[in-house]
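Here's the structure, in structure tokens; my notes come after.
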Amino acid sequence: MVMHRALFTWFILLVFFILLCLRLEARTHWNWFLIFLPLWIYDLIIFLEVIFKFVVTLVKYKQFKFGLEKHFLALVTALFLILGQIMLCLKLEYKSLELQLIHVLIPFWITLPLLIFAVVCSMVHQYSID
Amino acid sequence: MFFSVRDVSKWLGLHLFVMCIMLVSVLVFTIILVIKFDPNIETPANDWWVIFSPLFVGDALCAYFCVIIFLRIILEITIKRSILKLCWSVTFLTLIFVFKFLLCKKLLAQLSLDYSEVFAPLYILLQLIAFRACQQT
């Protein structure tokens with residue numbers, strides 16, 4: 001199962017980088033939202049998976065708080081990742097909006113420390129087992 | 001989520017500590033990037049090297065950590081396994097470094113390469129990652 005997911009991620013990244021190169025070289029003038037289409041698909045799948053797991057936990061344990069605690073990190077990360085990408089696309093596509101880079105990067109500044117926290121937690125867990 | 005942290009670590013062949021260093025360096029990079037584009041702060045025109053410096057420092061730290069891992073595996077497990085792990089780590093870090101280096105040069109207009117050529121190390125890395133994905137169970 002991990003292999004399929006890894007290959008799917010690889011395919012998404014490959015298509016995204018190809019589209020990104022085409023857009024950066026000005027060979028196409030497609031909308032930036034279209035360039036990010038592979039990532040939107042990926043984000044949607046991640047978000048739906050997180051929501052599905054959250055609902056399953058909710059049905060199984062019938063405790064909203066427990067479900068939220070269990071999937072809080074994944075939910076927040078997925079949401080802010082999508083938000084960050086939307087902001088980035090808006091900044092790149094609609095220059096008239098005059099979005100500042102600091103505003104675009106705020107969702108990423110929330111996501112990145114959360115990811116670092118998840119990696120550190122995993123590292124601590126691994127060493128406590130060893 | 002779609003992957004657990006361990007799945008990603010196993011797939012990319014990177015230690016969790018290396019992943020942590022990379023994430024921190026990206027975070028610092030974005031902060032410096034914002035400072036560069038802040039109209040209220042005056043920065044030198046050609047300071048892309050400074051902006052990219054957290055990423056290069058992160059790469060250097062990762063390389064240092066990989067050498068330590070290599071030596072520890074030699075002492076504790078086998079030479080063959082340690083060499084295989086070192087080869088993968090060196091390839092991964094080198095390709096990432098070359099991409100950042102070329103991107104930096106391109107942004108400074110010191111290079112007449114297209115973006116597709118700048119992204120070439122990433123494409124090679126993606127192919128290698130695809131091979132590794134096929135080895136996953």
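Identifiers in this document derive from the order of the structure tokens: chains are assigned A, B, ..., residues are numbered from 1 separately in each chain, and ligands are numbered from 1 in order of occurrence.
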Skip segment 39-43 of chain A itself and residues of its chain fewer than 2 positions away, then list as a PyMOL selection string all residues within 8 Å of it, counting only C-alpha atoms. chain A and resi 9+12-13+16+36-37+45-47+78+81-82
Check every residue of chain A for an atom within 9 Å of chain B, counting only C-alpha atoms, and provide those that qualify as a CSV table (one decimal) with C-alpha atoms, in the first residue's frame.
chain,number,residue,atom,x,y,z
A,1,MET,CA,0.0,0.0,0.0
A,2,VAL,CA,2.9,2.3,0.9
A,3,MET,CA,4.4,1.6,-2.6
A,4,HIS,CA,1.2,2.7,-4.4
A,5,ARG,CA,1.0,5.9,-2.3
A,6,ALA,CA,4.7,6.6,-2.9
A,7,LEU,CA,4.3,6.1,-6.6
A,10,TRP,CA,6.0,10.7,-7.2
A,11,PHE,CA,3.7,11.0,-10.3
A,13,LEU,CA,5.3,15.7,-8.1
A,14,LEU,CA,6.7,14.9,-11.5
A,17,PHE,CA,7.5,20.1,-11.7
A,18,ILE,CA,7.0,19.7,-15.5
A,20,LEU,CA,6.1,24.6,-13.2
A,21,CYS,CA,9.1,24.5,-15.6
A,22,LEU,CA,6.8,25.3,-18.6
A,24,LEU,CA,8.5,29.6,-15.5
A,25,GLU,CA,10.0,29.5,-18.9
A,45,ILE,CA,-7.1,13.3,-1.3
A,46,ILE,CA,-5.1,14.0,1.9
A,47,PHE,CA,-7.9,16.2,3.2
A,49,GLU,CA,-8.5,10.9,4.1
A,50,VAL,CA,-8.1,13.0,7.3
A,53,LYS,CA,-10.4,9.1,9.7
A,71,HIS,CA,-6.4,14.0,14.3
A,74,ALA,CA,-3.2,16.2,10.5
A,75,LEU,CA,-6.3,18.3,10.1
A,78,ALA,CA,-3.8,19.7,5.6
A,100,GLN,CA,2.4,40.7,0.5
A,101,LEU,CA,4.8,37.8,0.7
A,102,ILE,CA,4.5,37.8,4.5
A,105,LEU,CA,3.8,32.6,3.9
A,108,PHE,CA,3.4,27.8,5.7
A,109,TRP,CA,4.8,29.2,9.0
A,112,LEU,CA,6.2,23.9,9.0
A,113,PRO,CA,6.5,24.1,12.8
A,115,LEU,CA,5.6,19.2,10.7
A,116,ILE,CA,8.8,19.7,12.7
A,117,PHE,CA,6.9,18.9,15.8
A,118,ALA,CA,5.6,15.7,14.2
A,119,VAL,CA,9.1,14.6,13.1
A,120,VAL,CA,10.5,15.4,16.6
A,122,SER,CA,8.4,10.5,15.9
A,123,MET,CA,12.1,10.7,16.7
Atom CA of Phe72 of chain A to atom CA of Gly84 of chain A: how many Å, to one decimal?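 Computing it gives 17.9 Å between the two atoms.
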Could you give me the residues within chain B that DSSP places in alpha helix (DSSP H), as a tab-separated table (two decimals) with N, CA and C atoms, in the first residue's frame?
chain	number	residue	atom	x	y	z
B	5	VAL	N	5.26	9.71	9.35
B	5	VAL	CA	6.62	10.28	9.26
B	5	VAL	C	7.63	9.17	8.99
B	6	ARG	N	7.40	8.02	9.60
B	6	ARG	CA	8.33	6.89	9.41
B	6	ARG	C	8.30	6.36	7.98
B	7	ASP	N	7.09	6.36	7.38
B	7	ASP	CA	6.98	5.90	5.98
B	7	ASP	C	7.83	6.79	5.08
B	8	VAL	N	7.71	8.10	5.30
B	8	VAL	CA	8.46	9.06	4.47
B	8	VAL	C	9.96	8.86	4.68
B	9	SER	N	10.34	8.69	5.95
B	9	SER	CA	11.75	8.49	6.28
B	9	SER	C	12.30	7.23	5.60
B	10	LYS	N	11.50	6.17	5.63
B	10	LYS	CA	11.92	4.90	5.03
B	10	LYS	C	11.98	5.03	3.50
B	11	TRP	N	10.97	5.68	2.96
B	11	TRP	CA	10.89	5.82	1.51
B	11	TRP	C	12.06	6.66	0.97
B	12	LEU	N	12.29	7.82	1.59
B	12	LEU	CA	13.34	8.70	1.09
B	12	LEU	C	14.73	8.27	1.57
B	16	LEU	N	15.32	10.61	10.55
B	16	LEU	CA	14.36	11.61	11.03
B	16	LEU	C	15.05	12.93	11.37
B	17	PHE	N	16.26	12.83	11.91
B	17	PHE	CA	16.99	14.04	12.29
B	17	PHE	C	17.33	14.88	11.05
B	18	VAL	N	17.67	14.19	9.97
B	18	VAL	CA	17.98	14.89	8.70
B	18	VAL	C	16.73	15.60	8.19
B	19	MET	N	15.58	14.91	8.29
B	19	MET	CA	14.32	15.53	7.85
B	19	MET	C	14.02	16.76	8.68
B	20	CYS	N	14.29	16.66	9.98
B	20	CYS	CA	14.06	17.77	10.90
B	20	CYS	C	14.94	18.96	10.51
B	21	ILE	N	16.22	18.70	10.24
B	21	ILE	CA	17.15	19.78	9.84
B	21	ILE	C	16.65	20.45	8.55
B	22	MET	N	16.20	19.62	7.61
B	22	MET	CA	15.73	20.17	6.32
B	22	MET	C	14.50	21.07	6.52
B	23	LEU	N	13.58	20.62	7.37
B	23	LEU	CA	12.37	21.42	7.62
B	23	LEU	C	12.72	22.74	8.30
B	24	VAL	N	13.63	22.68	9.27
B	24	VAL	CA	14.04	23.91	9.97
B	24	VAL	C	14.72	24.86	8.99
B	25	SER	N	15.58	24.31	8.12
B	25	SER	CA	16.28	25.19	7.17
B	25	SER	C	15.29	25.84	6.19
B	26	VAL	N	14.25	25.10	5.80
B	26	VAL	CA	13.23	25.68	4.90
B	26	VAL	C	12.48	26.80	5.63
B	27	LEU	N	12.19	26.56	6.91
B	27	LEU	CA	11.48	27.58	7.71
B	27	LEU	C	12.30	28.87	7.80
B	28	VAL	N	13.60	28.72	8.09
B	28	VAL	CA	14.48	29.90	8.20
B	28	VAL	C	14.60	30.58	6.83
B	29	PHE	N	14.68	29.76	5.78
B	29	PHE	CA	14.77	30.29	4.41
B	29	PHE	C	13.56	31.18	4.09
B	30	THR	N	12.36	30.72	4.45
B	30	THR	CA	11.15	31.51	4.15
B	30	THR	C	11.16	32.82	4.95
B	31	ILE	N	11.66	32.76	6.18
B	31	ILE	CA	11.72	33.99	7.00
B	31	ILE	C	12.66	35.01	6.35
B	32	ILE	N	13.84	34.53	5.92
B	32	ILE	CA	14.81	35.44	5.29
B	32	ILE	C	14.26	35.97	3.95
B	33	LEU	N	13.52	35.11	3.25
B	33	LEU	CA	12.91	35.52	1.98
B	33	LEU	C	11.94	36.68	2.18
B	34	VAL	N	11.15	36.60	3.24
B	34	VAL	CA	10.21	37.68	3.55
B	34	VAL	C	10.96	38.96	3.89
B	35	ILE	N	12.04	38.82	4.66
B	35	ILE	CA	12.84	40.01	5.02
B	35	ILE	C	13.40	40.66	3.76
B	36	LYS	N	13.83	39.82	2.81
B	36	LYS	CA	14.40	40.36	1.55
B	36	LYS	C	13.35	41.16	0.77
B	37	PHE	N	12.09	40.65	0.78
B	37	PHE	CA	11.06	41.32	-0.01
B	37	PHE	C	10.25	42.34	0.78
B	48	TRP	N	20.90	36.76	-3.05
B	48	TRP	CA	20.24	35.45	-3.11
B	48	TRP	C	21.06	34.39	-2.39
B	49	TRP	N	22.39	34.57	-2.38
B	49	TRP	CA	23.25	33.61	-1.66
B	49	TRP	C	22.93	33.65	-0.17
B	50	VAL	N	22.67	34.85	0.33
B	50	VAL	CA	22.33	35.01	1.77
B	50	VAL	C	20.98	34.36	2.04
B	51	ILE	N	20.04	34.57	1.13
B	51	ILE	CA	18.69	34.00	1.32
B	51	ILE	C	18.76	32.47	1.31
B	52	PHE	N	19.59	31.94	0.40
B	52	PHE	CA	19.70	30.48	0.29
B	52	PHE	C	20.63	29.88	1.34
B	53	SER	N	21.34	30.74	2.09
B	53	SER	CA	22.34	30.22	3.03
B	53	SER	C	21.77	29.23	4.07
B	54	PRO	N	20.54	29.44	4.62
B	54	PRO	CA	20.03	28.42	5.57
B	54	PRO	C	19.90	27.04	4.92
B	55	LEU	N	19.53	27.03	3.64
B	55	LEU	CA	19.39	25.74	2.96
B	55	LEU	C	20.76	25.07	2.77
B	56	PHE	N	21.77	25.89	2.44
B	56	PHE	CA	23.12	25.33	2.26
B	56	PHE	C	23.69	24.85	3.60
B	57	VAL	N	23.43	25.64	4.64
B	57	VAL	CA	23.90	25.23	5.99
B	57	VAL	C	23.20	23.93	6.39
B	58	GLY	N	21.89	23.85	6.10
B	58	GLY	CA	21.13	22.63	6.38
B	58	GLY	C	21.72	21.44	5.66
B	59	ASP	N	22.09	21.63	4.40
B	59	ASP	CA	22.71	20.55	3.62
B	59	ASP	C	24.03	20.11	4.25
B	60	ALA	N	24.82	21.10	4.68
B	60	ALA	CA	26.13	20.79	5.29
B	60	ALA	C	25.92	19.98	6.58
B	61	LEU	N	24.94	20.39	7.39
B	61	LEU	CA	24.67	19.67	8.64
B	61	LEU	C	24.19	18.24	8.35
B	62	CYS	N	23.34	18.12	7.32
B	62	CYS	CA	22.84	16.79	6.94
B	62	CYS	C	24.00	15.89	6.50
B	63	ALA	N	24.92	16.48	5.70
B	63	ALA	CA	26.07	15.71	5.21
B	63	ALA	C	26.94	15.25	6.38
B	64	TYR	N	27.15	16.14	7.34
B	64	TYR	CA	27.94	15.81	8.53
B	64	TYR	C	27.28	14.68	9.31
B	65	PHE	N	25.95	14.77	9.45
B	65	PHE	CA	25.21	13.75	10.18
B	65	PHE	C	25.26	12.40	9.45
B	66	CYS	N	25.20	12.45	8.12
B	66	CYS	CA	25.26	11.21	7.33
B	66	CYS	C	26.61	10.51	7.49
B	67	VAL	N	27.68	11.31	7.58
B	67	VAL	CA	29.02	10.73	7.79
B	67	VAL	C	29.07	10.05	9.15
B	68	ILE	N	28.48	10.68	10.16
B	68	ILE	CA	28.46	10.09	11.50
B	68	ILE	C	27.69	8.76	11.47
B	69	ILE	N	26.55	8.76	10.78
B	69	ILE	CA	25.74	7.54	10.66
B	69	ILE	C	26.55	6.44	9.96
B	70	PHE	N	27.27	6.86	8.90
B	70	PHE	CA	28.11	5.92	8.14
B	70	PHE	C	29.14	5.24	9.06
B	71	LEU	N	29.81	6.06	9.86
B	71	LEU	CA	30.84	5.51	10.76
B	71	LEU	C	30.23	4.59	11.81
B	72	ARG	N	29.07	4.99	12.30
B	72	ARG	CA	28.41	4.17	13.33
B	72	ARG	C	27.94	2.83	12.76
B	73	ILE	N	27.42	2.86	11.52
B	73	ILE	CA	26.96	1.60	10.92
B	73	ILE	C	28.16	0.69	10.65
B	74	ILE	N	29.29	1.28	10.22
B	74	ILE	CA	30.52	0.47	10.00
B	74	ILE	C	30.89	-0.25	11.29
B	75	LEU	N	30.85	0.50	12.40
B	75	LEU	CA	31.27	-0.07	13.68
B	75	LEU	C	30.28	-1.10	14.21
B	76	GLU	N	28.96	-0.83	13.97
B	76	GLU	CA	27.95	-1.68	14.62
B	76	GLU	C	27.36	-2.75	13.71
B	79	ILE	N	29.95	-3.27	6.62
B	79	ILE	CA	30.51	-2.25	5.73
B	79	ILE	C	29.63	-2.09	4.50
B	80	LYS	N	29.12	-3.23	3.97
B	80	LYS	CA	28.31	-3.18	2.74
B	80	LYS	C	27.08	-2.28	2.94
B	81	ARG	N	26.40	-2.52	4.06
B	81	ARG	CA	25.18	-1.75	4.32
B	81	ARG	C	25.49	-0.27	4.52
B	82	SER	N	26.60	-0.02	5.23
B	82	SER	CA	26.96	1.37	5.50
B	82	SER	C	27.31	2.10	4.21
B	83	ILE	N	28.01	1.40	3.29
B	83	ILE	CA	28.39	2.04	2.02
B	83	ILE	C	27.14	2.33	1.17
B	84	LEU	N	26.21	1.36	1.17
B	84	LEU	CA	24.96	1.57	0.41
B	84	LEU	C	24.20	2.78	0.94
B	85	LYS	N	24.12	2.87	2.25
B	85	LYS	CA	23.39	3.99	2.86
B	85	LYS	C	24.10	5.32	2.57
B	86	LEU	N	25.43	5.29	2.66
B	86	LEU	CA	26.19	6.51	2.40
B	86	LEU	C	26.03	6.95	0.94
B	87	CYS	N	26.06	5.97	0.02
B	87	CYS	CA	25.91	6.29	-1.42
B	87	CYS	C	24.57	6.99	-1.66
B	88	TRP	N	23.50	6.45	-1.07
B	88	TRP	CA	22.18	7.04	-1.27
B	88	TRP	C	22.13	8.45	-0.67
B	89	SER	N	22.65	8.60	0.55
B	89	SER	CA	22.62	9.91	1.22
B	89	SER	C	23.42	10.94	0.42
B	90	VAL	N	24.59	10.53	-0.06
B	90	VAL	CA	25.44	11.45	-0.84
B	90	VAL	C	24.72	11.86	-2.13
B	91	THR	N	24.12	10.87	-2.80
B	91	THR	CA	23.41	11.17	-4.06
B	91	THR	C	22.26	12.15	-3.80
B	92	PHE	N	21.48	11.86	-2.77
B	92	PHE	CA	20.32	12.69	-2.43
B	92	PHE	C	20.75	14.13	-2.13
B	93	LEU	N	21.72	14.25	-1.23
B	93	LEU	CA	22.15	15.59	-0.81
B	93	LEU	C	22.83	16.35	-1.95
B	94	THR	N	23.61	15.63	-2.76
B	94	THR	CA	24.29	16.29	-3.87
B	94	THR	C	23.29	16.84	-4.88
B	95	LEU	N	22.29	16.02	-5.23
B	95	LEU	CA	21.30	16.47	-6.22
B	95	LEU	C	20.51	17.67	-5.70
B	96	ILE	N	20.14	17.61	-4.43
B	96	ILE	CA	19.40	18.74	-3.84
B	96	ILE	C	20.29	19.99	-3.84
B	97	PHE	N	21.55	19.81	-3.48
B	97	PHE	CA	22.48	20.95	-3.42
B	97	PHE	C	22.67	21.55	-4.82
B	98	VAL	N	22.87	20.69	-5.81
B	98	VAL	CA	23.09	21.18	-7.19
B	98	VAL	C	21.87	21.98	-7.66
B	99	PHE	N	20.67	21.47	-7.34
B	99	PHE	CA	19.44	22.18	-7.73
B	99	PHE	C	19.41	23.58	-7.12
B	100	LYS	N	19.69	23.66	-5.81
B	100	LYS	CA	19.66	24.96	-5.13
B	100	LYS	C	20.73	25.89	-5.68
B	101	PHE	N	21.91	25.33	-5.95
B	101	PHE	CA	23.02	26.12	-6.47
B	101	PHE	C	22.66	26.71	-7.85
B	102	LEU	N	22.12	25.85	-8.72
B	102	LEU	CA	21.74	26.32	-10.06
B	102	LEU	C	20.61	27.35	-9.99
B	103	LEU	N	19.66	27.10	-9.09
B	103	LEU	CA	18.53	28.04	-8.94
B	103	LEU	C	19.03	29.41	-8.47
B	104	CYS	N	19.95	29.37	-7.54
B	104	CYS	CA	20.53	30.61	-7.02
B	104	CYS	C	21.24	31.37	-8.13
B	105	LYS	N	22.05	30.65	-8.91
B	105	LYS	CA	22.77	31.26	-10.04
B	105	LYS	C	21.79	31.84	-11.05
B	106	LYS	N	20.72	31.08	-11.31
B	106	LYS	CA	19.71	31.51	-12.29
B	106	LYS	C	19.02	32.79	-11.82
B	107	LEU	N	18.69	32.84	-10.54
B	107	LEU	CA	18.02	34.02	-9.99
B	107	LEU	C	18.93	35.25	-10.02
B	115	TYR	N	14.89	26.93	-17.12
B	115	TYR	CA	14.43	26.37	-15.84
B	115	TYR	C	14.38	24.85	-15.88
B	116	SER	N	14.08	24.30	-17.06
B	116	SER	CA	14.03	22.83	-17.15
B	116	SER	C	15.40	22.22	-16.86
B	117	GLU	N	16.47	22.95	-17.26
B	117	GLU	CA	17.82	22.46	-16.98
B	117	GLU	C	18.17	22.65	-15.50
B	118	VAL	N	17.68	23.74	-14.93
B	118	VAL	CA	17.91	23.97	-13.50
B	118	VAL	C	17.22	22.89	-12.68
B	120	ALA	N	16.73	19.88	-13.61
B	120	ALA	CA	17.21	18.54	-13.99
B	120	ALA	C	17.63	17.67	-12.78
B	121	PRO	N	18.40	18.23	-11.81
B	121	PRO	CA	18.75	17.39	-10.65
B	121	PRO	C	17.51	16.87	-9.91
B	122	LEU	N	16.46	17.70	-9.87
B	122	LEU	CA	15.23	17.25	-9.19
B	122	LEU	C	14.57	16.11	-9.95
B	123	TYR	N	14.60	16.19	-11.30
B	123	TYR	CA	14.00	15.11	-12.10
B	123	TYR	C	14.77	13.81	-11.88
B	124	ILE	N	16.11	13.93	-11.83
B	124	ILE	CA	16.93	12.72	-11.59
B	124	ILE	C	16.58	12.15	-10.21
B	125	LEU	N	16.49	13.04	-9.24
B	125	LEU	CA	16.16	12.61	-7.87
B	125	LEU	C	14.78	11.94	-7.83
B	126	LEU	N	13.83	12.50	-8.58
B	126	LEU	CA	12.48	11.91	-8.62
B	126	LEU	C	12.53	10.49	-9.19
B	127	GLN	N	13.36	10.28	-10.22
B	127	GLN	CA	13.46	8.93	-10.79
B	127	GLN	C	14.04	7.96	-9.76
B	128	LEU	N	15.06	8.42	-9.04
B	128	LEU	CA	15.67	7.56	-8.01
B	128	LEU	C	14.66	7.25	-6.90
B	129	ILE	N	13.86	8.27	-6.56
B	129	ILE	CA	12.84	8.09	-5.52
B	129	ILE	C	11.78	7.09	-5.99
B	130	ALA	N	11.48	7.14	-7.30
B	130	ALA	CA	10.51	6.17	-7.85
B	130	ALA	C	11.04	4.75	-7.72
B	131	PHE	N	12.34	4.57	-7.97
B	131	PHE	CA	12.94	3.24	-7.80
B	131	PHE	C	12.81	2.79	-6.34
B	132	ARG	N	13.07	3.72	-5.45
B	132	ARG	CA	12.98	3.37	-4.02
B	132	ARG	C	11.54	3.04	-3.63
B	133	ALA	N	10.58	3.76	-4.26
B	133	ALA	CA	9.17	3.51	-3.95
B	133	ALA	C	8.79	2.08	-4.33
B	134	CYS	N	9.39	1.59	-5.43
B	134	CYS	CA	9.08	0.22	-5.86
B	134	CYS	C	9.63	-0.83	-4.90
B	135	GLN	N	10.61	-0.43	-4.11
B	135	GLN	CA	11.19	-1.37	-3.14
B	135	GLN	C	10.37	-1.45	-1.85
Report, in Å with one decimal, the straight-line distance from atom CA of Phe33 of chain A to atom CA of Ile106 of chain A.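 Calculated distance between atom CA of Phe33 of chain A and atom CA of Ile106 of chain A is 19.2 Å.
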Would you mind reading off the distance between atom CA of Leu88 of chain A and atom CA of Asn31 of chain A, one decimal, in Å? 12.3 Å
Find the spatial neighbours of Glu93 of chain A, counting only C-alpha atoms, within a cut-off of 12 Å - ignore same-chain residues fewer than 4 positions away - and output them as a PDB file with C-alpha atoms, in the first residue's frame.
ATOM      1  CA  ARG A  23       5.206  28.195 -16.762  1.00  0.00           C
ATOM      2  CA  HIS A  29       0.703  31.359 -19.922  1.00  0.00           C
ATOM      3  CA  TRP A  30      -1.665  29.095 -18.071  1.00  0.00           C
ATOM      4  CA  ASN A  31      -3.307  30.251 -14.898  1.00  0.00           C
ATOM      5  CA  TRP A  32      -1.224  29.473 -11.799  1.00  0.00           C
ATOM      6  CA  PHE A  33      -4.205  27.641 -10.288  1.00  0.00           C
ATOM      7  CA  LEU A  34      -3.987  25.251 -13.245  1.00  0.00           C
ATOM      8  CA  ILE A  35      -0.236  24.786 -12.759  1.00  0.00           C
ATOM      9  CA  PHE A  36      -0.954  23.757  -9.170  1.00  0.00           C
ATOM     10  CA  GLN A  85      -1.230  27.134  -1.827  1.00  0.00           C
ATOM     11  CA  ILE A  86      -4.329  29.229  -2.486  1.00  0.00           C
ATOM     12  CA  MET A  87      -2.529  32.333  -1.185  1.00  0.00           C
ATOM     13  CA  LEU A  88       0.533  31.537  -3.315  1.00  0.00           C
ATOM     14  CA  CYS A  89      -1.571  31.105  -6.453  1.00  0.00           C
ATOM     15  CA  LEU A  97      -4.371  42.186  -5.335  1.00  0.00           C
ATOM     16  CA  GLU A  98      -0.928  43.311  -4.082  1.00  0.00           C
ATOM     17  CA  LEU A  99      -0.715  40.489  -1.575  1.00  0.00           C
TER      18      LEU A  99
END
